[in-house]
2 protein chains.
Amino acid sequence: MPRPKTHDEALRIKLLDRAGELLSAEGPKALSLRKLAADVETSTTAVYSLFGSKPDLVNALYAEGFRRFQARTDAVTLTGDPVEDLVRLGKVYRESALADPHLYPIMFTKAIPGFEPNEEAVALGRANLAPLEKTVRDGVESGVFADVDPAVIAVSCWGFVHGLVSLELNGNLPDEFSVGDAYETALRANANGWRR
Amino acid sequence: MPRPKTHDEALRIKLLDRAGELLSAEGPKALSLRKLAADVETSTTAVYSLFGSKPDLVNALYAEGFRRFQARTDAVTLTGDPVEDLVRLGKVYRESALADPHLYPIMFTKAIPGFEPNEEAVALGRANLAPLEKTVRDGVESGVFADVDPAVIAVSCWGFVHGLVSLELNGNLPDEFSVGDAYETALRANANGWRR
DNA sequence: CGGCTTTGATAACACTGTTGCGCTACACTG
DNA sequence: CAGTGTAGCGCAACAGTGTTATCAAAGCCG
């Protein structure tokens with residue numbers, strides 16, 4: 001009986017794409033629903049009927065960010081050597097962050113005030129750690145790594161890469177410092193620190 | 001000739017204090033100039049005459065955060081053993097962050113959209129790294145640490161603690177994970193990884 | 001006391017996210 | 001083929017934000 005829907009899946013995708021562009025071009029401050037709607041030639045109502053609210057739209061971006069992370073992580077070929085694999089996972093972590101630098105702050109640093117990821121989004125984020133946790137567990141069991149709770153090692157490795165990537169993306173590092181050159185060296189040192 | 005000043009140093013301090021309280025109690029979203037001014041029983045004009053803008057007020061908080069960091073860091077007694085000193089500096093880093101958890105995101109993760117630290121604030125932040133850089137340099141020169149550019153090791157250590165602290169403050173870690181217990185173990189592993 | 005000048009509170013402006021009103025435009029009836 | 005019901009959605013209002021311009025208040029000097 002009603003008029004045909006124009007707030008459909010296609011519009012949903014257009015909104016998400018444009019939201020990502022705005023975020024990447026001008027930062028979180030510039031992501032306004034009015035501008036977003038105007039750019040996609042619809043009204044702000046579209047965001048509310050398709051997502052629910054602005055935080056919910058950001059939630060969709062958050063989930064998308066983790067899906068891309070997951071895809072890149074899954075594509076890594078692991079060797080079975082725990083140290084080498086930690087280095088590989090660490091490298092792909094940074095590559096993923098640099099590939100979508102505007103999504104990273106949303107995923108990890110609450111860049112948009114008022115946004116809190118919902119439960120399933122959090123689960124999606126947690127799932128990304130599975131390969132890391134497995135590598136660490138294998139390393140401990142095979143005696144390559146010290147006999148420490150694998151969760152401690154895994155979180156520690158995650159924190160390490162997250163910290164370096166965060167500092168880099170935030171521009172907190174000295175200008176003359178080249179992360180690219182130092183990163184693998186640092187990853188190796190970190191992994192070696194956990195050797196038995 | 002004019003009317004007596006009420007936008008004075010005392011009011012400036014009251015505003016900063018209250019801003020910190022609001023930040024800590026309800027997060028960056030709740031830090032509004034109108035509410036801030038009302039709480040201190042003045043007008044929003046006060047912020048503009050004393051600070052210039054909201055970002056400039058945040059800049060003052062940013063600087064205050066680094067001053068507190070500096071004070072805590074300076075109070076650490078170093079032993080001369082590079083590994084032990086890295087652990088001590090790492091511990092005080094986390095203690096500092098947890099002592100003022102609302103300032104940490106401002107200092108390192110652009111929690112307030114539109115805020116960019118000015119030049120002298122950045123310099124203040126950089127100065128905090130001096131003890132870390134000295135410890136690393138001594139460690140490399142005395143042959144305890146591997147022969148790697150000290151800047152690489154220092155940034156790596158900073159990234160490590162920053163990452164763990166960030167994950168903790170953001171609530172990104174699993175609920176059952178106790179950072180307190182794992183932190184020193186991780187610090188030690190990280191420092192040992194840089195041994196010659 | 002009148003005028004000068006500095007100071008600061010009020011109110012306007014342009015924006016934000018959000019919500020409810022009410023028009024639009026189709027599918028189904030008679 | 002008109003009429004109607006109703007889902008869909010654009011528009012406009014509301015409450016809030018940071019910022020700025022206006023203008024009244026308040027002291028000193030001549």
# chains A, B, ... in the order shown; residues from 1 in each chain; ligands from 1
$ residues_around --residues "C:DT7" --least-positions-apart "2" --cutoff "10 Å" --atoms "only C-alpha atoms (C1' of nucleotides)" --output "NGL selection string"
(:B and (2-7)) or (:C and (5 or 9)) or (:D and (25-26))
$ closest_atom_pairs --of "chain A" --to "chain B" --cutoff "8 Å" --atoms "only C-alpha atoms" --output "CSV"
residue,atom,partner,partner_atom,distance
A:Pro28,CA,B:Pro113,CA,6.7
A:Lys29,CA,B:Pro113,CA,5.4
A:Phe108,CA,B:Asn172,CA,7.4
A:Thr109,CA,B:Thr109,CA,6.6
A:Lys110,CA,B:Ala111,CA,7.0
A:Ala111,CA,B:Ala111,CA,5.7
A:Ile112,CA,B:Ala111,CA,7.8
A:Pro113,CA,B:Lys29,CA,5.4
A:Gly114,CA,B:Lys29,CA,6.5
A:Ala151,CA,B:Phe177,CA,8.0
A:Val152,CA,B:Ala182,CA,5.9
A:Ile153,CA,B:Ala186,CA,7.3
A:Val155,CA,B:Leu164,CA,7.9
A:Ser156,CA,B:Ala186,CA,6.2
A:Trp158,CA,B:Gly163,CA,7.8
A:Gly159,CA,B:Gly163,CA,4.3
A:Phe160,CA,B:Phe160,CA,4.2
A:Val161,CA,B:Gly163,CA,7.2
A:His162,CA,B:Gly163,CA,5.2
A:Gly163,CA,B:Gly163,CA,3.4
A:Leu164,CA,B:Gly159,CA,4.5
A:Ser166,CA,B:Gly163,CA,7.6
A:Leu167,CA,B:Gly159,CA,6.9
A:Asn170,CA,B:Thr109,CA,6.7
A:Asn172,CA,B:Phe108,CA,7.4
A:Leu173,CA,B:Val155,CA,7.9
A:Phe177,CA,B:Ala151,CA,8.0
A:Ala182,CA,B:Val152,CA,5.9
A:Ala186,CA,B:Ser156,CA,6.2
A:Ala189,CA,B:Gly193,CA,4.7
A:Asn190,CA,B:Gly193,CA,5.5
A:Ala191,CA,B:Gly193,CA,7.2
A:Asn192,CA,B:Gly193,CA,5.3
A:Gly193,CA,B:Gly193,CA,3.5
A:Trp194,CA,B:Ala189,CA,5.7
$ interface_residues --of "chain B" --to "chain D" --cutoff "10 Å" --atoms "only C-alpha atoms (C1' of nucleotides)" --output "VMD selection string"
chain B and resid 1 to 4 32 to 34 44 to 45 48 53 to 54
$ closest_residue --among "C:DT10, C:DT19, C:DT24, C:DT29" --to "chain B" --atoms "only C-alpha atoms (C1' of nucleotides)"
C:DT10
$ closest_atom_pairs --of "chain C" --to "chain A" --cutoff "8 Å" --atoms "only C-alpha atoms (C1' of nucleotides)" --output "tab-separated table"
residue	atom	partner	partner_atom	distance
C:DT16	C1'	A:Ser32	CA	7.4
C:DG17	C1'	A:Lys54	CA	7.6
C:DT24	C1'	A:Arg3	CA	8.0
C:DA25	C1'	A:Arg3	CA	5.2
C:DC26	C1'	A:Arg3	CA	4.3
C:DA27	C1'	A:Met1	CA	4.1
C:DC28	C1'	A:Met1	CA	6.3
$ residues_around --residues "B:Glu120" --least-positions-apart "5" --cutoff "12 Å" --atoms "only C-alpha atoms (C1' of nucleotides)" --output "PDB file with N, CA and C atoms, in the first residue's frame"
ATOM      1  N   ASN B  59      43.884  22.562  25.691  1.00  0.00           N
ATOM      2  CA  ASN B  59      45.339  22.628  25.646  1.00  0.00           C
ATOM      3  C   ASN B  59      45.930  22.811  27.034  1.00  0.00           C
ATOM      4  N   ALA B  60      45.280  23.610  27.833  1.00  0.00           N
ATOM      5  CA  ALA B  60      45.758  23.831  29.192  1.00  0.00           C
ATOM      6  C   ALA B  60      45.658  22.537  30.002  1.00  0.00           C
ATOM      7  N   TYR B  62      45.771  19.539  28.699  1.00  0.00           N
ATOM      8  CA  TYR B  62      46.806  18.708  28.083  1.00  0.00           C
ATOM      9  C   TYR B  62      48.161  18.983  28.755  1.00  0.00           C
ATOM     10  N   ALA B  63      48.492  20.264  28.849  1.00  0.00           N
ATOM     11  CA  ALA B  63      49.767  20.636  29.473  1.00  0.00           C
ATOM     12  C   ALA B  63      49.798  20.205  30.934  1.00  0.00           C
ATOM     13  N   PHE B  66      50.627  16.570  31.268  1.00  0.00           N
ATOM     14  CA  PHE B  66      52.043  16.250  31.081  1.00  0.00           C
ATOM     15  C   PHE B  66      52.889  16.712  32.250  1.00  0.00           C
ATOM     16  N   GLY B 125      55.262  17.440  26.065  1.00  0.00           N
ATOM     17  CA  GLY B 125      55.071  15.996  25.956  1.00  0.00           C
ATOM     18  C   GLY B 125      56.372  15.283  25.611  1.00  0.00           C
ATOM     19  N   ARG B 126      57.097  15.878  24.697  1.00  0.00           N
ATOM     20  CA  ARG B 126      58.359  15.270  24.279  1.00  0.00           C
ATOM     21  C   ARG B 126      59.334  15.175  25.442  1.00  0.00           C
ATOM     22  N   ALA B 127      59.313  16.202  26.292  1.00  0.00           N
ATOM     23  CA  ALA B 127      60.255  16.257  27.407  1.00  0.00           C
ATOM     24  C   ALA B 127      60.071  15.075  28.361  1.00  0.00           C
TER      25      ALA B 127
END
$ residues_around --residues "stretch 134-137 of chain B" --least-positions-apart "3" --cutoff "6 Å" --atoms "only C-alpha atoms (C1' of nucleotides)" --output "list in words"
Pro82, Pro131, Val140 and Pro150 of chain B
$ atom_distance --atom1 "atom CA of B:Leu16" --atom2 "atom CA of B:Leu98"
19.3 Å
$ select_by_dssp --residues "chain B" --states "alpha helix (DSSP H)" --output "ChimeraX atom specification"
/B:9-26,33-39,44-50,54-74,82-99,104-108,119-127,130-141,150-170,179-193
$ residues_around --residues "stretch 9-15 of chain A" --least-positions-apart "4" --cutoff "8 Å" --atoms "only C-alpha atoms (C1' of nucleotides)" --output "PyMOL selection string"
chain A and resi 19+36-37+40+47+50
$ decode --residues "stretch 63-195 of chain B" --atoms "C-alpha atoms" --output "PDB file, in the first residue's frame"
ATOM      1  CA  ALA B  63      49.767  20.636  29.473  1.00  0.00           C
ATOM      2  CA  GLU B  64      48.629  20.000  33.026  1.00  0.00           C
ATOM      3  CA  GLY B  65      48.469  16.284  32.295  1.00  0.00           C
ATOM      4  CA  PHE B  66      52.043  16.250  31.081  1.00  0.00           C
ATOM      5  CA  ARG B  67      53.231  18.257  34.063  1.00  0.00           C
ATOM      6  CA  ARG B  68      51.776  15.632  36.382  1.00  0.00           C
ATOM      7  CA  PHE B  69      53.356  12.876  34.325  1.00  0.00           C
ATOM      8  CA  GLN B  70      56.662  14.662  34.512  1.00  0.00           C
ATOM      9  CA  ALA B  71      56.438  15.077  38.288  1.00  0.00           C
ATOM     10  CA  ARG B  72      55.798  11.382  38.797  1.00  0.00           C
ATOM     11  CA  THR B  73      58.495  10.364  36.388  1.00  0.00           C
ATOM     12  CA  ASP B  74      61.036  12.662  38.001  1.00  0.00           C
ATOM     13  CA  ALA B  75      60.275  11.081  41.364  1.00  0.00           C
ATOM     14  CA  VAL B  76      61.428   7.649  40.213  1.00  0.00           C
ATOM     15  CA  THR B  77      64.751   6.575  41.649  1.00  0.00           C
ATOM     16  CA  LEU B  78      66.796   4.913  38.939  1.00  0.00           C
ATOM     17  CA  THR B  79      69.224   2.142  39.693  1.00  0.00           C
ATOM     18  CA  GLY B  80      71.591   2.305  36.760  1.00  0.00           C
ATOM     19  CA  ASP B  81      70.566  -1.190  35.659  1.00  0.00           C
ATOM     20  CA  PRO B  82      68.893  -0.498  32.313  1.00  0.00           C
ATOM     21  CA  VAL B  83      66.464  -3.395  32.440  1.00  0.00           C
ATOM     22  CA  GLU B  84      65.373  -2.623  35.981  1.00  0.00           C
ATOM     23  CA  ASP B  85      65.038   1.053  35.142  1.00  0.00           C
ATOM     24  CA  LEU B  86      62.899   0.341  32.094  1.00  0.00           C
ATOM     25  CA  VAL B  87      60.598  -1.647  34.337  1.00  0.00           C
ATOM     26  CA  ARG B  88      60.397   1.179  36.875  1.00  0.00           C
ATOM     27  CA  LEU B  89      59.724   3.795  34.226  1.00  0.00           C
ATOM     28  CA  GLY B  90      57.076   1.566  32.714  1.00  0.00           C
ATOM     29  CA  LYS B  91      55.362   1.124  36.045  1.00  0.00           C
ATOM     30  CA  VAL B  92      55.275   4.813  36.801  1.00  0.00           C
ATOM     31  CA  TYR B  93      53.913   5.427  33.319  1.00  0.00           C
ATOM     32  CA  ARG B  94      50.901   3.271  34.006  1.00  0.00           C
ATOM     33  CA  GLU B  95      50.470   4.710  37.500  1.00  0.00           C
ATOM     34  CA  SER B  96      50.461   8.188  36.046  1.00  0.00           C
ATOM     35  CA  ALA B  97      47.881   7.285  33.445  1.00  0.00           C
ATOM     36  CA  LEU B  98      45.626   5.617  36.008  1.00  0.00           C
ATOM     37  CA  ALA B  99      46.006   8.550  38.380  1.00  0.00           C
ATOM     38  CA  ASP B 100      44.480  10.944  35.839  1.00  0.00           C
ATOM     39  CA  PRO B 101      42.629   8.654  33.470  1.00  0.00           C
ATOM     40  CA  HIS B 102      40.554  11.477  32.030  1.00  0.00           C
ATOM     41  CA  LEU B 103      43.628  13.433  30.959  1.00  0.00           C
ATOM     42  CA  TYR B 104      45.350  10.533  29.247  1.00  0.00           C
ATOM     43  CA  PRO B 105      43.025  10.366  26.225  1.00  0.00           C
ATOM     44  CA  ILE B 106      43.443  14.097  25.738  1.00  0.00           C
ATOM     45  CA  MET B 107      47.190  13.786  25.794  1.00  0.00           C
ATOM     46  CA  PHE B 108      47.467  10.902  23.389  1.00  0.00           C
ATOM     47  CA  THR B 109      44.319  10.063  21.514  1.00  0.00           C
ATOM     48  CA  LYS B 110      42.587  13.233  20.391  1.00  0.00           C
ATOM     49  CA  ALA B 111      39.529  12.524  22.493  1.00  0.00           C
ATOM     50  CA  ILE B 112      38.133  15.976  21.879  1.00  0.00           C
ATOM     51  CA  PRO B 113      37.371  16.645  18.220  1.00  0.00           C
ATOM     52  CA  GLY B 114      38.880  19.836  16.942  1.00  0.00           C
ATOM     53  CA  PHE B 115      41.625  19.950  19.537  1.00  0.00           C
ATOM     54  CA  GLU B 116      45.243  19.988  18.411  1.00  0.00           C
ATOM     55  CA  PRO B 117      48.000  20.617  20.931  1.00  0.00           C
ATOM     56  CA  ASN B 118      50.011  23.728  20.224  1.00  0.00           C
ATOM     57  CA  GLU B 119      53.750  23.779  19.783  1.00  0.00           C
ATOM     58  CA  GLU B 120      54.834  24.295  23.366  1.00  0.00           C
ATOM     59  CA  ALA B 121      52.398  21.650  24.572  1.00  0.00           C
ATOM     60  CA  VAL B 122      53.953  19.166  22.176  1.00  0.00           C
ATOM     61  CA  ALA B 123      57.392  20.089  23.465  1.00  0.00           C
ATOM     62  CA  LEU B 124      56.184  19.466  27.007  1.00  0.00           C
ATOM     63  CA  GLY B 125      55.071  15.996  25.956  1.00  0.00           C
ATOM     64  CA  ARG B 126      58.359  15.270  24.279  1.00  0.00           C
ATOM     65  CA  ALA B 127      60.255  16.257  27.407  1.00  0.00           C
ATOM     66  CA  ASN B 128      58.582  13.433  29.299  1.00  0.00           C
ATOM     67  CA  LEU B 129      60.547  10.933  27.275  1.00  0.00           C
ATOM     68  CA  ALA B 130      63.935  12.203  28.370  1.00  0.00           C
ATOM     69  CA  PRO B 131      64.467   9.713  31.237  1.00  0.00           C
ATOM     70  CA  LEU B 132      63.452   6.832  28.987  1.00  0.00           C
ATOM     71  CA  GLU B 133      65.806   7.963  26.249  1.00  0.00           C
ATOM     72  CA  LYS B 134      68.673   8.352  28.679  1.00  0.00           C
ATOM     73  CA  THR B 135      68.139   4.907  30.183  1.00  0.00           C
ATOM     74  CA  VAL B 136      68.078   3.309  26.756  1.00  0.00           C
ATOM     75  CA  ARG B 137      71.158   5.186  25.571  1.00  0.00           C
ATOM     76  CA  ASP B 138      73.108   4.156  28.660  1.00  0.00           C
ATOM     77  CA  GLY B 139      71.972   0.582  28.185  1.00  0.00           C
ATOM     78  CA  VAL B 140      73.175   0.490  24.600  1.00  0.00           C
ATOM     79  CA  GLU B 141      76.472   2.182  25.401  1.00  0.00           C
ATOM     80  CA  SER B 142      77.221  -0.127  28.302  1.00  0.00           C
ATOM     81  CA  GLY B 143      76.527  -3.122  26.098  1.00  0.00           C
ATOM     82  CA  VAL B 144      73.499  -4.381  28.014  1.00  0.00           C
ATOM     83  CA  PHE B 145      71.170  -3.703  25.108  1.00  0.00           C
ATOM     84  CA  ALA B 146      71.734  -4.692  21.505  1.00  0.00           C
ATOM     85  CA  ASP B 147      73.512  -2.270  19.215  1.00  0.00           C
ATOM     86  CA  VAL B 148      70.383  -0.663  17.830  1.00  0.00           C
ATOM     87  CA  ASP B 149      69.574   3.009  17.347  1.00  0.00           C
ATOM     88  CA  PRO B 150      68.488   4.070  20.859  1.00  0.00           C
ATOM     89  CA  ALA B 151      65.607   6.021  19.365  1.00  0.00           C
ATOM     90  CA  VAL B 152      64.161   2.781  18.018  1.00  0.00           C
ATOM     91  CA  ILE B 153      64.343   1.085  21.391  1.00  0.00           C
ATOM     92  CA  ALA B 154      62.952   4.095  23.224  1.00  0.00           C
ATOM     93  CA  VAL B 155      59.988   4.553  20.889  1.00  0.00           C
ATOM     94  CA  SER B 156      59.383   0.843  21.020  1.00  0.00           C
ATOM     95  CA  CYS B 157      59.260   0.839  24.819  1.00  0.00           C
ATOM     96  CA  TRP B 158      57.024   3.877  24.831  1.00  0.00           C
ATOM     97  CA  GLY B 159      54.688   2.284  22.325  1.00  0.00           C
ATOM     98  CA  PHE B 160      54.572  -0.832  24.442  1.00  0.00           C
ATOM     99  CA  VAL B 161      53.452   0.867  27.633  1.00  0.00           C
ATOM    100  CA  HIS B 162      51.218   3.286  25.763  1.00  0.00           C
ATOM    101  CA  GLY B 163      49.491   0.402  24.023  1.00  0.00           C
ATOM    102  CA  LEU B 164      48.814  -1.573  27.162  1.00  0.00           C
ATOM    103  CA  VAL B 165      47.637   1.485  29.056  1.00  0.00           C
ATOM    104  CA  SER B 166      45.417   2.578  26.174  1.00  0.00           C
ATOM    105  CA  LEU B 167      43.764  -0.795  25.876  1.00  0.00           C
ATOM    106  CA  GLU B 168      43.204  -0.837  29.611  1.00  0.00           C
ATOM    107  CA  LEU B 169      41.745   2.673  29.830  1.00  0.00           C
ATOM    108  CA  ASN B 170      39.530   2.127  26.818  1.00  0.00           C
ATOM    109  CA  GLY B 171      38.136  -1.041  28.287  1.00  0.00           C
ATOM    110  CA  ASN B 172      39.273  -3.033  25.274  1.00  0.00           C
ATOM    111  CA  LEU B 173      40.699  -5.875  27.319  1.00  0.00           C
ATOM    112  CA  PRO B 174      38.679  -8.927  28.283  1.00  0.00           C
ATOM    113  CA  ASP B 175      36.940  -8.461  31.597  1.00  0.00           C
ATOM    114  CA  GLU B 176      38.684 -11.381  33.203  1.00  0.00           C
ATOM    115  CA  PHE B 177      42.121 -10.067  32.299  1.00  0.00           C
ATOM    116  CA  SER B 178      43.977  -8.453  35.184  1.00  0.00           C
ATOM    117  CA  VAL B 179      46.461  -5.923  33.893  1.00  0.00           C
ATOM    118  CA  GLY B 180      47.954  -5.307  37.288  1.00  0.00           C
ATOM    119  CA  ASP B 181      49.304  -8.826  37.590  1.00  0.00           C
ATOM    120  CA  ALA B 182      50.535  -9.140  34.033  1.00  0.00           C
ATOM    121  CA  TYR B 183      52.037  -5.707  33.618  1.00  0.00           C
ATOM    122  CA  GLU B 184      55.380  -6.183  35.310  1.00  0.00           C
ATOM    123  CA  THR B 185      55.914  -9.555  33.676  1.00  0.00           C
ATOM    124  CA  ALA B 186      55.298  -7.961  30.312  1.00  0.00           C
ATOM    125  CA  LEU B 187      57.571  -5.017  31.036  1.00  0.00           C
ATOM    126  CA  ARG B 188      60.360  -7.382  31.969  1.00  0.00           C
ATOM    127  CA  ALA B 189      59.912  -9.482  28.840  1.00  0.00           C
ATOM    128  CA  ASN B 190      59.936  -6.380  26.698  1.00  0.00           C
ATOM    129  CA  ALA B 191      63.112  -5.059  28.279  1.00  0.00           C
ATOM    130  CA  ASN B 192      64.822  -8.425  28.047  1.00  0.00           C
ATOM    131  CA  GLY B 193      63.994  -8.602  24.373  1.00  0.00           C
ATOM    132  CA  TRP B 194      66.406  -5.759  23.758  1.00  0.00           C
ATOM    133  CA  ARG B 195      69.332  -7.456  25.525  1.00  0.00           C
TER     134      ARG B 195
END
